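Just below is one structure, and these are the notes that go with it.
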Amino acid sequence: MGIADNGASMPEEDATLKAHLHHAFDHQIPNFGSYNLVYATGRAGEGGKYIVGYRRQPMEIIVAPLHAGTLASLEPATAINLTNLSHLAEDRAGGHEVGTTTGRVFRFEVAPETTIDAPPSATSHPETRIHLQQRDDAADFSDFFDEFLTLLDGFGDMEETASE
């Protein structure tokens with residue numbers, strides 16, 4: 001996750017916000033270092049803000065909801081992998097949907113750039129809007145999501161072959 005200075009914030013604020021967002025994810029996940037992180041916003045009427053962690057080995061997504069006003073953890077993170085995944089979907093506008101076998105569904109978008117209203121705990125200056133630059137991370141997440149979809153399609157092909 002990268003945070004860039006666009007003139008609306010100063011470098012120390014970028015570092016403070018980045019540390020704040022990482023903390024919201026890291027303190028919940030014992031092996032947090034093995035995940036790539038992106039900042040996501042809710043879609044399809046859900047709203048919300050998330051830190052989404054993902055890794056390729058083993059293939060897994062972790063969704064950590066954030067409190068909109070504080071950017072702190074809102075509730076425990078949800079791990080989604082091949083043992084509890086009900087579905088993955090991607091829409092034409094670039095949105096992602098991930099569902100669990102317990103019925104939990106997350107709909108979100110990972111934008112290459114966004115502006116975040118940083119709470120006082122996440123910046124050295126209150127009420128600062130900080131520009132989050134995550135172009136490379138958003139592209140990598142999109143590639144990861146496509147790989148996960150391809151993996152699931154492969155399981156469907158194996159089931160068809162077994163039933164023939």
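Simple scheme: letters A, B, ... for chains in structure tokens order, numbers from 1 for residues in each chain, numbers from 1 for ligands in the order shown.
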
- Message: Residues near Ala139 (chain A), anyone? I mean within 12 Å using only C-alpha atoms, not counting same-chain ones fewer than 2 positions away, as a list in words.
- Response: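 Skipping anything fewer than 2 positions along the chain leaves Met1, Asn36, Leu37, Val38, Gly94, Glu109, Val110, Ala111, Pro112, Glu113, Gln133, Gln134, Arg135, Asp136, Asp137, Phe141, Ser142, Asp143, Phe144, Phe145 and Asp146 of chain A.
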
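Across A:Leu66, A:Ile61, A:Leu152, A:Leu85, the tightest approach to Tyr39 (chain A) is made by A:Leu66 when counting only C-alpha atoms.
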